[in-house]
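Undergrad: My structure is stored as target-v6.pdb, with PDB, C-alpha atoms, pLDDT in the B column.
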```pdb
ATOM      1  CA  MET A  78       0.000   0.000   0.000  1.00 94.00           C
ATOM      2  CA  GLY A  79       2.823   2.368   0.882  1.00 95.00           C
ATOM      3  CA  LEU A  80       4.552   1.808  -2.456  1.00 95.00           C
ATOM      4  CA  LEU A  81       1.354   2.213  -4.451  1.00 96.00           C
ATOM      5  CA  VAL A  82       0.290   5.421  -2.700  1.00 97.00           C
ATOM      6  CA  SER A  83       3.811   6.820  -2.963  1.00 97.00           C
ATOM      7  CA  ILE A  84       4.065   6.190  -6.718  1.00 97.00           C
ATOM      8  CA  ILE A  85       0.605   7.622  -7.427  1.00 97.00           C
ATOM      9  CA  LEU A  86       1.357  10.778  -5.436  1.00 97.00           C
ATOM     10  CA  ALA A  87       4.763  11.206  -7.100  1.00 97.00           C
ATOM     11  CA  TYR A  88       3.154  10.855 -10.527  1.00 97.00           C
ATOM     12  CA  LYS A  89       0.491  13.466  -9.704  1.00 96.00           C
ATOM     13  CA  LEU A  90       3.041  15.906  -8.285  1.00 95.00           C
ATOM     14  CA  ALA A  91       5.265  15.439 -11.331  1.00 96.00           C
ATOM     15  CA  GLN A  92       2.396  16.383 -13.618  1.00 94.00           C
ATOM     16  CA  LYS A  93       1.563  19.391 -11.453  1.00 95.00           C
ATOM     17  CA  TYR A  94       5.116  20.735 -11.723  1.00 94.00           C
ATOM     18  CA  LEU A  95       5.427  19.927 -15.442  1.00 92.00           C
ATOM     19  CA  LEU A  96       7.771  16.996 -14.959  1.00 95.00           C
ATOM     20  CA  SER A  97       7.691  13.716 -16.852  1.00 95.00           C
ATOM     21  CA  GLY A  98       5.406  11.080 -15.363  1.00 94.00           C
ATOM     22  CA  ALA A  99       7.259   8.452 -17.399  1.00 95.00           C
ATOM     23  CA  VAL A 100      10.552   9.350 -15.684  1.00 96.00           C
ATOM     24  CA  ILE A 101       8.855   9.051 -12.291  1.00 96.00           C
ATOM     25  CA  LEU A 102       7.630   5.550 -13.142  1.00 96.00           C
ATOM     26  CA  ASP A 103      11.054   4.537 -14.454  1.00 97.00           C
ATOM     27  CA  LEU A 104      12.806   5.884 -11.365  1.00 96.00           C
ATOM     28  CA  ALA A 105      10.297   4.171  -9.087  1.00 96.00           C
ATOM     29  CA  THR A 106      10.741   0.838 -10.854  1.00 96.00           C
ATOM     30  CA  TRP A 107      14.527   0.941 -10.670  1.00 97.00           C
ATOM     31  CA  ALA A 108      14.522   2.192  -7.073  1.00 96.00           C
ATOM     32  CA  ILE A 109      12.083  -0.483  -5.878  1.00 96.00           C
ATOM     33  CA  ILE A 110      14.022  -3.328  -7.482  1.00 97.00           C
ATOM     34  CA  GLY A 111      17.332  -2.044  -6.100  1.00 97.00           C
ATOM     35  CA  ALA A 112      15.816  -1.454  -2.678  1.00 96.00           C
ATOM     36  CA  PHE A 113      14.348  -4.945  -2.340  1.00 95.00           C
ATOM     37  CA  ILE A 114      17.582  -6.643  -3.416  1.00 96.00           C
ATOM     38  CA  MET A 115      19.898  -4.638  -1.168  1.00 96.00           C
ATOM     39  CA  ALA A 116      17.464  -4.665   1.769  1.00 95.00           C
ATOM     40  CA  ARG A 117      17.860  -8.427   1.826  1.00 95.00           C
ATOM     41  CA  VAL A 118      21.620  -8.321   1.275  1.00 95.00           C
ATOM     42  CA  PHE A 119      22.140  -5.864   4.153  1.00 94.00           C
ATOM     43  CA  HIS A 120      19.968  -7.946   6.468  1.00 93.00           C
ATOM     44  CA  VAL A 121      21.973 -11.088   5.712  1.00 94.00           C
ATOM     45  CA  VAL A 122      25.367  -9.389   5.993  1.00 94.00           C
ATOM     46  CA  PHE A 123      24.845  -7.002   8.921  1.00 93.00           C
ATOM     47  CA  TYR A 124      21.931  -8.286  10.999  1.00 92.00           C
ATOM     48  CA  GLU A 125      22.129 -12.092  11.042  1.00 90.00           C
ATOM     49  CA  PRO A 126      25.471 -13.020   9.463  1.00 92.00           C
ATOM     50  CA  LEU A 127      26.176 -16.043  11.691  1.00 91.00           C
ATOM     51  CA  TYR A 128      22.752 -17.568  11.041  1.00 91.00           C
ATOM     52  CA  TYR A 129      23.103 -17.297   7.266  1.00 94.00           C
ATOM     53  CA  VAL A 130      26.679 -18.615   7.299  1.00 93.00           C
ATOM     54  CA  GLN A 131      25.285 -21.704   9.020  1.00 93.00           C
ATOM     55  CA  ASN A 132      22.136 -21.771   6.859  1.00 92.00           C
ATOM     56  CA  PRO A 133      23.091 -20.368   3.431  1.00 92.00           C
ATOM     57  CA  GLY A 134      20.057 -21.968   1.796  1.00 91.00           C
ATOM     58  CA  ASP A 135      17.811 -19.616   3.786  1.00 92.00           C
ATOM     59  CA  ILE A 136      19.257 -16.498   2.173  1.00 92.00           C
ATOM     60  CA  LEU A 137      16.757 -16.730  -0.680  1.00 90.00           C
ATOM     61  CA  LYS A 138      13.805 -17.553   1.587  1.00 90.00           C
ATOM     62  CA  ILE A 139      12.520 -13.991   1.650  1.00 89.00           C
ATOM     63  CA  TRP A 140       9.074 -15.199   2.744  1.00 87.00           C
ATOM     64  CA  GLN A 141      10.618 -15.881   6.152  1.00 85.00           C
ATOM     65  CA  GLY A 142      11.205 -12.152   6.554  1.00 84.00           C
ATOM     66  CA  GLY A 143      14.353 -10.152   7.038  1.00 88.00           C
ATOM     67  CA  ALA A 144      14.997  -6.861   5.264  1.00 91.00           C
ATOM     68  CA  SER A 145      17.033  -3.807   6.183  1.00 93.00           C
ATOM     69  CA  SER A 146      15.643  -0.332   5.549  1.00 92.00           C
ATOM     70  CA  LEU A 147      19.230   0.928   5.391  1.00 92.00           C
ATOM     71  CA  GLY A 148      19.932  -1.594   2.647  1.00 94.00           C
ATOM     72  CA  GLY A 149      16.776  -0.440   0.906  1.00 95.00           C
ATOM     73  CA  PHE A 150      18.020   3.150   0.818  1.00 94.00           C
ATOM     74  CA  ALA A 151      21.436   2.029  -0.426  1.00 95.00           C
ATOM     75  CA  GLY A 152      19.902  -0.181  -3.106  1.00 96.00           C
ATOM     76  CA  ALA A 153      17.525   2.520  -4.303  1.00 96.00           C
ATOM     77  CA  PHE A 154      20.364   5.057  -4.507  1.00 95.00           C
ATOM     78  CA  LEU A 155      22.571   2.638  -6.447  1.00 97.00           C
ATOM     79  CA  ALA A 156      19.754   1.706  -8.831  1.00 97.00           C
ATOM     80  CA  VAL A 157      18.888   5.354  -9.528  1.00 96.00           C
ATOM     81  CA  TRP A 158      22.572   6.111 -10.154  1.00 96.00           C
ATOM     82  CA  ILE A 159      22.759   3.260 -12.677  1.00 97.00           C
ATOM     83  CA  PHE A 160      19.512   4.447 -14.302  1.00 96.00           C
ATOM     84  CA  ALA A 161      20.869   7.991 -14.629  1.00 96.00           C
ATOM     85  CA  LYS A 162      24.081   6.710 -16.226  1.00 95.00           C
ATOM     86  CA  LEU A 163      22.268   4.462 -18.698  1.00 95.00           C
ATOM     87  CA  LYS A 164      19.774   7.173 -19.690  1.00 94.00           C
ATOM     88  CA  HIS A 165      22.402   9.962 -19.701  1.00 94.00           C
ATOM     89  CA  PHE A 166      20.637  12.116 -17.127  1.00 95.00           C
ATOM     90  CA  LYS A 167      22.646  14.869 -15.518  1.00 92.00           C
ATOM     91  CA  TYR A 168      22.519  15.223 -11.737  1.00 89.00           C
ATOM     92  CA  GLU A 169      20.825  18.628 -11.982  1.00 90.00           C
ATOM     93  CA  GLU A 170      18.114  17.233 -14.255  1.00 94.00           C
ATOM     94  CA  LEU A 171      17.051  14.702 -11.650  1.00 95.00           C
ATOM     95  CA  LEU A 172      16.863  17.096  -8.681  1.00 95.00           C
ATOM     96  CA  PRO A 173      13.178  18.012  -9.291  1.00 96.00           C
ATOM     97  CA  TYR A 174      12.318  14.308  -9.434  1.00 97.00           C
ATOM     98  CA  PHE A 175      14.198  13.692  -6.194  1.00 97.00           C
ATOM     99  CA  ASP A 176      12.146  16.406  -4.468  1.00 97.00           C
ATOM    100  CA  VAL A 177       8.845  15.075  -5.776  1.00 97.00           C
ATOM    101  CA  GLY A 178       9.942  11.564  -4.862  1.00 96.00           C
ATOM    102  CA  ALA A 179      10.943  12.589  -1.343  1.00 97.00           C
ATOM    103  CA  VAL A 180       7.500  14.014  -0.532  1.00 97.00           C
ATOM    104  CA  SER A 181       5.878  10.832  -1.784  1.00 97.00           C
ATOM    105  CA  LEU A 182       8.428   8.563  -0.134  1.00 97.00           C
ATOM    106  CA  TRP A 183       7.694   9.802   3.366  1.00 98.00           C
ATOM    107  CA  LEU A 184       3.965   9.229   2.953  1.00 97.00           C
ATOM    108  CA  GLY A 185       4.665   5.701   1.715  1.00 97.00           C
ATOM    109  CA  TRP A 186       7.149   5.208   4.550  1.00 97.00           C
ATOM    110  CA  GLY A 187       4.542   6.149   7.123  1.00 97.00           C
ATOM    111  CA  ILE A 188       2.061   3.692   5.630  1.00 97.00           C
ATOM    112  CA  GLY A 189       4.613   0.920   5.193  1.00 95.00           C
ATOM    113  CA  ARG A 190       5.883   1.133   8.742  1.00 96.00           C
ATOM    114  CA  ILE A 191       2.348   0.518   9.994  1.00 96.00           C
ATOM    115  CA  GLY A 192       2.977  -3.046   8.813  1.00 94.00           C
ATOM    116  CA  CYS A 193       6.006  -3.267  11.113  1.00 92.00           C
ATOM    117  CA  TYR A 194       3.883  -1.941  13.958  1.00 95.00           C
ATOM    118  CA  MET A 195       1.052  -4.410  13.300  1.00 94.00           C
ATOM    119  CA  ILE A 196       3.389  -7.384  13.769  1.00 91.00           C
ATOM    120  CA  ASN A 197       5.477  -5.692  16.499  1.00 91.00           C
ATOM    121  CA  ASP A 198       8.618  -6.417  14.497  1.00 88.00           C
ATOM    122  CA  HIS A 199      10.862  -3.788  16.128  1.00 93.00           C
ATOM    123  CA  PRO A 200      10.599  -3.946  19.927  1.00 95.00           C
ATOM    124  CA  GLY A 201      12.257  -1.232  21.937  1.00 97.00           C
ATOM    125  CA  ILE A 202      13.392  -0.769  25.504  1.00 97.00           C
ATOM    126  CA  ARG A 203      10.914  -0.946  28.384  1.00 96.00           C
ATOM    127  CA  THR A 204       9.013   2.277  29.018  1.00 96.00           C
ATOM    128  CA  ASN A 205       5.868   3.842  30.481  1.00 94.00           C
ATOM    129  CA  PHE A 206       5.692   6.379  27.628  1.00 94.00           C
ATOM    130  CA  PHE A 207       2.131   6.976  26.429  1.00 94.00           C
ATOM    131  CA  LEU A 208       2.939   5.481  23.007  1.00 92.00           C
ATOM    132  CA  ALA A 209       4.276   2.284  24.555  1.00 94.00           C
ATOM    133  CA  VAL A 210       3.038  -1.077  23.247  1.00 94.00           C
ATOM    134  CA  ASN A 211       2.208  -3.995  25.505  1.00 93.00           C
ATOM    135  CA  TYR A 212       4.735  -6.714  24.693  1.00 93.00           C
ATOM    136  CA  PRO A 213       4.994 -10.007  26.603  1.00 90.00           C
ATOM    137  CA  GLY A 214       6.743  -9.133  29.829  1.00 89.00           C
ATOM    138  CA  GLY A 215       5.813  -5.462  29.853  1.00 93.00           C
ATOM    139  CA  ALA A 216       5.351  -2.261  27.880  1.00 96.00           C
ATOM    140  CA  ARG A 217       8.028  -1.219  25.393  1.00 97.00           C
ATOM    141  CA  PHE A 218       8.663   1.318  22.677  1.00 97.00           C
ATOM    142  CA  ASP A 219       7.675   0.018  19.265  1.00 97.00           C
ATOM    143  CA  LEU A 220      10.105   1.374  16.678  1.00 96.00           C
ATOM    144  CA  GLY A 221       7.744   0.457  13.849  1.00 96.00           C
ATOM    145  CA  LEU A 222       5.162   2.822  15.331  1.00 97.00           C
ATOM    146  CA  MET A 223       7.740   5.532  15.984  1.00 97.00           C
ATOM    147  CA  GLU A 224       9.067   5.396  12.416  1.00 97.00           C
ATOM    148  CA  SER A 225       5.557   5.434  10.992  1.00 97.00           C
ATOM    149  CA  LEU A 226       4.825   8.624  12.900  1.00 98.00           C
ATOM    150  CA  LEU A 227       8.160  10.054  11.749  1.00 98.00           C
ATOM    151  CA  GLY A 228       7.296   9.260   8.124  1.00 98.00           C
ATOM    152  CA  PHE A 229       3.914  10.976   8.329  1.00 98.00           C
ATOM    153  CA  LEU A 230       5.468  13.983  10.077  1.00 98.00           C
ATOM    154  CA  LEU A 231       8.123  14.353   7.377  1.00 98.00           C
ATOM    155  CA  PHE A 232       5.440  14.081   4.695  1.00 98.00           C
ATOM    156  CA  VAL A 233       3.395  16.895   6.250  1.00 98.00           C
ATOM    157  CA  ILE A 234       6.468  19.117   6.668  1.00 97.00           C
ATOM    158  CA  CYS A 235       7.725  18.472   3.120  1.00 97.00           C
ATOM    159  CA  LEU A 236       4.309  19.136   1.640  1.00 95.00           C
ATOM    160  CA  ALA A 237       3.916  22.359   3.623  1.00 96.00           C
ATOM    161  CA  LEU A 238       7.355  23.704   2.681  1.00 97.00           C
ATOM    162  CA  PHE A 239       7.607  22.271  -0.835  1.00 97.00           C
ATOM    163  CA  LYS A 240       6.832  25.439  -2.804  1.00 96.00           C
ATOM    164  CA  LYS A 241       9.058  27.630  -0.630  1.00 96.00           C
ATOM    165  CA  LEU A 242      12.027  25.273  -0.881  1.00 96.00           C
ATOM    166  CA  ILE A 243      11.850  24.688  -4.636  1.00 96.00           C
ATOM    167  CA  ARG A 244      11.759  28.469  -5.164  1.00 95.00           C
ATOM    168  CA  ILE A 245      15.177  28.566  -3.517  1.00 93.00           C
ATOM    169  CA  ARG A 246      16.417  25.616  -5.592  1.00 93.00           C
ATOM    170  CA  TRP A 247      15.533  22.083  -6.543  1.00 94.00           C
ATOM    171  CA  GLY A 248      17.034  19.369  -4.374  1.00 94.00           C
ATOM    172  CA  LEU A 249      16.476  21.019  -1.007  1.00 95.00           C
ATOM    173  CA  VAL A 250      13.313  19.068  -0.185  1.00 97.00           C
ATOM    174  CA  ALA A 251      15.015  15.721  -0.697  1.00 97.00           C
ATOM    175  CA  GLY A 252      18.306  16.735   0.909  1.00 95.00           C
ATOM    176  CA  LEU A 253      16.872  18.360   4.017  1.00 96.00           C
ATOM    177  CA  SER A 254      14.205  15.713   4.595  1.00 97.00           C
ATOM    178  CA  PHE A 255      16.760  12.894   4.391  1.00 97.00           C
ATOM    179  CA  MET A 256      19.028  14.826   6.746  1.00 97.00           C
ATOM    180  CA  VAL A 257      16.196  15.148   9.275  1.00 97.00           C
ATOM    181  CA  TYR A 258      15.236  11.492   8.854  1.00 98.00           C
ATOM    182  CA  ALA A 259      18.820  10.326   9.329  1.00 97.00           C
ATOM    183  CA  ALA A 260      19.247  12.401  12.508  1.00 97.00           C
ATOM    184  CA  ALA A 261      15.895  11.243  13.922  1.00 98.00           C
ATOM    185  CA  ARG A 262      16.537   7.599  13.005  1.00 97.00           C
ATOM    186  CA  PHE A 263      19.969   7.742  14.631  1.00 98.00           C
ATOM    187  CA  CYS A 264      18.350   8.892  17.877  1.00 97.00           C
ATOM    188  CA  LEU A 265      15.413   6.473  17.677  1.00 97.00           C
ATOM    189  CA  ASP A 266      17.686   3.459  17.376  1.00 97.00           C
ATOM    190  CA  PHE A 267      18.935   4.099  20.917  1.00 97.00           C
ATOM    191  CA  LEU A 268      15.412   3.064  21.957  1.00 97.00           C
ATOM    192  CA  ARG A 269      15.726  -0.404  20.366  1.00 96.00           C
ATOM    193  CA  SER A 270      15.764  -3.401  22.675  1.00 95.00           C
ATOM    194  CA  THR A 271      19.045  -4.881  23.825  1.00 94.00           C
ATOM    195  CA  ASP A 272      17.665  -7.584  26.133  1.00 93.00           C
ATOM    196  CA  LEU A 273      15.815  -9.802  23.654  1.00 91.00           C
ATOM    197  CA  PRO A 274      17.240 -12.756  21.677  1.00 87.00           C
ATOM    198  CA  TYR A 275      16.364 -11.075  18.358  1.00 83.00           C
ATOM    199  CA  SER A 276      17.656  -7.607  19.278  1.00 90.00           C
ATOM    200  CA  ASP A 277      19.665  -5.870  16.556  1.00 90.00           C
ATOM    201  CA  LEU A 278      23.402  -6.464  16.556  1.00 91.00           C
ATOM    202  CA  ARG A 279      25.621  -3.618  17.722  1.00 94.00           C
ATOM    203  CA  TYR A 280      28.890  -2.672  16.126  1.00 95.00           C
ATOM    204  CA  PHE A 281      30.947  -0.527  18.531  1.00 95.00           C
ATOM    205  CA  TYR A 282      27.736   0.193  20.507  1.00 95.00           C
ATOM    206  CA  LEU A 283      25.721   1.340  17.478  1.00 96.00           C
ATOM    207  CA  THR A 284      23.230  -0.515  15.275  1.00 95.00           C
ATOM    208  CA  PRO A 285      23.978  -1.000  11.565  1.00 95.00           C
ATOM    209  CA  ALA A 286      21.284   1.578  10.810  1.00 95.00           C
ATOM    210  CA  GLN A 287      22.962   4.148  13.058  1.00 97.00           C
ATOM    211  CA  TRP A 288      26.256   3.727  11.201  1.00 97.00           C
ATOM    212  CA  GLY A 289      24.300   4.101   7.975  1.00 96.00           C
ATOM    213  CA  MET A 290      22.661   7.292   9.202  1.00 97.00           C
ATOM    214  CA  ILE A 291      26.089   8.707  10.056  1.00 97.00           C
ATOM    215  CA  ALA A 292      27.150   7.949   6.479  1.00 96.00           C
ATOM    216  CA  ILE A 293      24.015   9.639   5.082  1.00 96.00           C
ATOM    217  CA  ILE A 294      24.492  12.775   7.195  1.00 96.00           C
ATOM    218  CA  THR A 295      28.171  12.944   6.254  1.00 96.00           C
ATOM    219  CA  GLY A 296      27.413  12.465   2.553  1.00 94.00           C
ATOM    220  CA  LEU A 297      24.624  15.037   2.482  1.00 94.00           C
ATOM    221  CA  THR A 298      26.729  17.571   4.395  1.00 94.00           C
ATOM    222  CA  PHE A 299      29.566  17.118   1.924  1.00 93.00           C
ATOM    223  CA  ALA A 300      27.147  17.439  -1.031  1.00 88.00           C
ATOM    224  CA  PHE A 301      25.642  20.618   0.427  1.00 88.00           C
ATOM    225  CA  PHE A 302      29.002  22.380   0.824  1.00 88.00           C
ATOM    226  CA  TRP A 303      30.319  21.073  -2.497  1.00 86.00           C
ATOM    227  CA  ASN A 304      27.262  22.412  -4.342  1.00 81.00           C
ATOM    228  CA  LYS A 305      27.630  25.714  -2.509  1.00 80.00           C
ATOM    229  CA  ILE A 306      31.259  25.967  -3.652  1.00 84.00           C
ATOM    230  CA  LYS A 307      30.282  25.069  -7.233  1.00 78.00           C
ATOM    231  CA  ARG A 308      27.614  27.794  -7.321  1.00 76.00           C
ATOM    232  CA  LYS A 309      30.105  30.391  -6.075  1.00 76.00           C
ATOM    233  CA  LEU A 310      32.617  29.334  -8.705  1.00 74.00           C
ATOM    234  CA  GLN A 311      29.965  29.536 -11.431  1.00 72.00           C
ATOM    235  CA  LEU A 312      28.921  33.014 -10.275  1.00 67.00           C
ATOM    236  CA  GLY A 313      32.568  34.030 -10.309  1.00 68.00           C
ATOM    237  CA  GLU A 314      32.944  32.826 -13.907  1.00 64.00           C
ATOM    238  CA  VAL A 315      29.857  34.731 -14.967  1.00 55.00           C
ATOM    239  CA  ALA A 316      31.128  37.890 -13.284  1.00 55.00           C
TER
END
```
As structure tokens - that is how I would like this structure written.

TA:
Amino acid sequence: MGLLVSIILAYKLAQKYLLSGAVILDLATWAIIGAFIMARVFHVVFYEPLYYVQNPGDILKIWQGGASSLGGFAGAFLAVWIFAKLKHFKYEELLPYFDVGAVSLWLGWGIGRIGCYMINDHPGIRTNFFLAVNYPGGARFDLGLMESLLGFLLFVICLALFKKLIRIRWGLVAGLSFMVYAAARFCLDFLRSTDLPYSDLRYFYLTPAQWGMIAIITGLTFAFFWNKIKRKLQLGEVA
């Protein structure tokens, strides 16, 4: 449902801002395929490596569950990069599509994470917080619920600020919203359980997703300053 709603909204927004609906559908197709493949790969490599070393035949049993949202982001990014290279798109040409896609993504993310919440797939630490979920043994944070709320919040903010941000320049909606998501996700992962048999692995005290969010924030920060330098250089050449 999240994917379907996200694609429909992206298509409608593309038409509204005189962008190509066909490019939106192509980008969505490539991104979804890349995301599903790498979501599984990241889960196998970073979340349950010992299990899959002992049971390699289960790697392809996707119906048993096991997918990493971090891997999904990485796979979607890689697939879009390959698509852009094959179709000879310049980075600047895709920025409007990234912004439209970001607004739609966060709505789909909010819907999709409801599925995680419905099966209580991401238990957190024990708490008496009013959004706590009653797990066996006591109330806990539910990170599926928290991420769903985060997705809906980002969607509302992006939609409200969309026109203002694109007047400044294309790419800000996607860049800023991913920056906010990465920072929020980094903090939320401290609420994940550590006392359950299926708790996420930690690498130097951080979850795989937290290391991924650090990489996203670092990459986006570098891209922001690099683009700022490029614009100054271009203005200098014009002058």

Undergrad: What's the 12 Å shell around A:Arg279, counting all atoms listed in the file, without same-chain residues fewer than 2 positions away, as a PyMOL selection string?

TA: chain A and resi 123-125+266-267+269-271+275-277+281-288

Undergrad: Would you write out, as a PyMOL selection string, every residue that the PyMOL selection byres ((chain A and resi 180) around 8) captures in this file?

TA: chain A and resi 87+176-179+181-184+231-232+235-236+250-251

Undergrad: Can you sort out the box for stretch 176-193 of chain A, edges along x, y and z, all listed atoms in, 4 Å on every side, with centre and edge lengths in Å to one decimal, as lines of an AutoDock Vina configuration file?

TA:
```
center_x = 7.1
center_y = 6.6
center_z = 2.7
size_x = 18.1
size_y = 27.7
size_z = 24.9
```

Undergrad: Can you measure atom CA of A:Leu297 to atom CA of A:Met256 for me? One decimal in Å is fine.

TA: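 Computing it gives 7.0 Å between the two atoms.
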
Undergrad: Mind pulling up the distance from atom CA of A:Ala259 to atom CA of A:Gln92?

TA: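 Atom CA of A:Ala259 lies at a distance of 28.9 Å from atom CA of A:Gln92.
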
Undergrad: For the file shown, report as a compact mmCIF listing (two decimals) with C-alpha atoms, keeping the file's coordinate frame the outcome of the PyMOL selection byres ((chain A and resi 210-212) around 12) at residue level.

TA:
```
# COMPACT_ATOMS: atom_id res chain seq x y z
CA TYR A 194 3.88 -1.94 13.96
CA MET A 195 1.05 -4.41 13.30
CA ILE A 196 3.39 -7.38 13.77
CA ASN A 197 5.48 -5.69 16.50
CA ASP A 198 8.62 -6.42 14.50
CA HIS A 199 10.86 -3.79 16.13
CA PRO A 200 10.60 -3.95 19.93
CA GLY A 201 12.26 -1.23 21.94
CA ILE A 202 13.39 -0.77 25.50
CA ARG A 203 10.91 -0.95 28.38
CA THR A 204 9.01 2.28 29.02
CA ASN A 205 5.87 3.84 30.48
CA PHE A 206 5.69 6.38 27.63
CA PHE A 207 2.13 6.98 26.43
CA LEU A 208 2.94 5.48 23.01
CA ALA A 209 4.28 2.28 24.56
CA PRO A 213 4.99 -10.01 26.60
CA GLY A 214 6.74 -9.13 29.83
CA GLY A 215 5.81 -5.46 29.85
CA ALA A 216 5.35 -2.26 27.88
CA ARG A 217 8.03 -1.22 25.39
CA PHE A 218 8.66 1.32 22.68
CA ASP A 219 7.68 0.02 19.26
CA LEU A 220 10.10 1.37 16.68
CA GLY A 221 7.74 0.46 13.85
CA LEU A 222 5.16 2.82 15.33
CA MET A 223 7.74 5.53 15.98
CA SER A 270 15.76 -3.40 22.68
CA LEU A 273 15.82 -9.80 23.65
```

Undergrad: Find the residues near A:Ala151: any atom within 9 Å, counting only C-alpha atoms, skip ones fewer than 6 places away on the same chain, and give them as a list in words.

TA: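 Skipping anything fewer than 6 positions along the chain leaves Gly111, Ala112, Met115 and Ala116 of chain A.
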
Undergrad: Which one of A:Ile159, A:Asn132, A:Trp186, A:Val122 sits closest to A:Ala144 if you count all atoms listed in the file?

TA: A:Val122

Undergrad: Rounded to one decimal in Å, what is the spacing between atom CA of A:Gly189 and atom CA of A:Ser225?

TA: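 Distance reported for this atom pair: 7.4 Å.
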
Undergrad: Please determine, counting only C-alpha atoms, which residue among A:Arg117, A:Ala156, A:Ile110, A:Phe299 has the shortest atom-to-atom distance to A:Lys138.

TA: A:Arg117

Undergrad: Expand the PyMOL selection byres ((chain A and resi 107) around 10) into the explicit residue set it covers here, and present it as a PyMOL selection string.

TA: chain A and resi 102-106+108-112+152-160

Undergrad: Write a file of the just-selected residues containing C-alpha atoms, as a PDB file, in the coordinates of the input.

TA:
```
ATOM      1  CA  LEU A 102       7.630   5.550 -13.142  1.00 96.00           C
ATOM      2  CA  ASP A 103      11.054   4.537 -14.454  1.00 97.00           C
ATOM      3  CA  LEU A 104      12.806   5.884 -11.365  1.00 96.00           C
ATOM      4  CA  ALA A 105      10.297   4.171  -9.087  1.00 96.00           C
ATOM      5  CA  THR A 106      10.741   0.838 -10.854  1.00 96.00           C
ATOM      6  CA  ALA A 108      14.522   2.192  -7.073  1.00 96.00           C
ATOM      7  CA  ILE A 109      12.083  -0.483  -5.878  1.00 96.00           C
ATOM      8  CA  ILE A 110      14.022  -3.328  -7.482  1.00 97.00           C
ATOM      9  CA  GLY A 111      17.332  -2.044  -6.100  1.00 97.00           C
ATOM     10  CA  ALA A 112      15.816  -1.454  -2.678  1.00 96.00           C
ATOM     11  CA  GLY A 152      19.902  -0.181  -3.106  1.00 96.00           C
ATOM     12  CA  ALA A 153      17.525   2.520  -4.303  1.00 96.00           C
ATOM     13  CA  PHE A 154      20.364   5.057  -4.507  1.00 95.00           C
ATOM     14  CA  LEU A 155      22.571   2.638  -6.447  1.00 97.00           C
ATOM     15  CA  ALA A 156      19.754   1.706  -8.831  1.00 97.00           C
ATOM     16  CA  VAL A 157      18.888   5.354  -9.528  1.00 96.00           C
ATOM     17  CA  TRP A 158      22.572   6.111 -10.154  1.00 96.00           C
ATOM     18  CA  ILE A 159      22.759   3.260 -12.677  1.00 97.00           C
ATOM     19  CA  PHE A 160      19.512   4.447 -14.302  1.00 96.00           C
TER      20      PHE A 160
END
```

Undergrad: Counting only C-alpha atoms, what are the residues of stretch 158-184 of chain A within 12 Å of stretch 243-246 of chain A, and for each of them which pair of atoms is the nearest and at what distance in Å, to one decimal? Sort the table by chain and rising number, as a Markdown table.

TA:
```
| residue | atom | partner | partner_atom | distance |
| --- | --- | --- | --- | --- |
| A:Glu169 | CA | A:Arg246 | CA | 10.4 |
| A:Leu172 | CA | A:Arg246 | CA | 9.1 |
| A:Pro173 | CA | A:Ile243 | CA | 8.2 |
| A:Tyr174 | CA | A:Ile243 | CA | 11.4 |
| A:Phe175 | CA | A:Ile243 | CA | 11.4 |
| A:Asp176 | CA | A:Ile243 | CA | 8.3 |
| A:Val177 | CA | A:Ile243 | CA | 10.1 |
```

Undergrad: Atoms to include: C-alpha atoms. Write the selected residues as a short mmCIF file (atom, residue, chain, number, x, y, z; two decimals), in the coordinates of the input.

TA:
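Contents of the output file result31.cif:
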```cif
data_model
loop_
_atom_site.label_atom_id
_atom_site.label_comp_id
_atom_site.auth_asym_id
_atom_site.auth_seq_id
_atom_site.Cartn_x
_atom_site.Cartn_y
_atom_site.Cartn_z
CA GLU A 169 20.82 18.63 -11.98
CA LEU A 172 16.86 17.10 -8.68
CA PRO A 173 13.18 18.01 -9.29
CA TYR A 174 12.32 14.31 -9.43
CA PHE A 175 14.20 13.69 -6.19
CA ASP A 176 12.15 16.41 -4.47
CA VAL A 177 8.85 15.08 -5.78
#
```
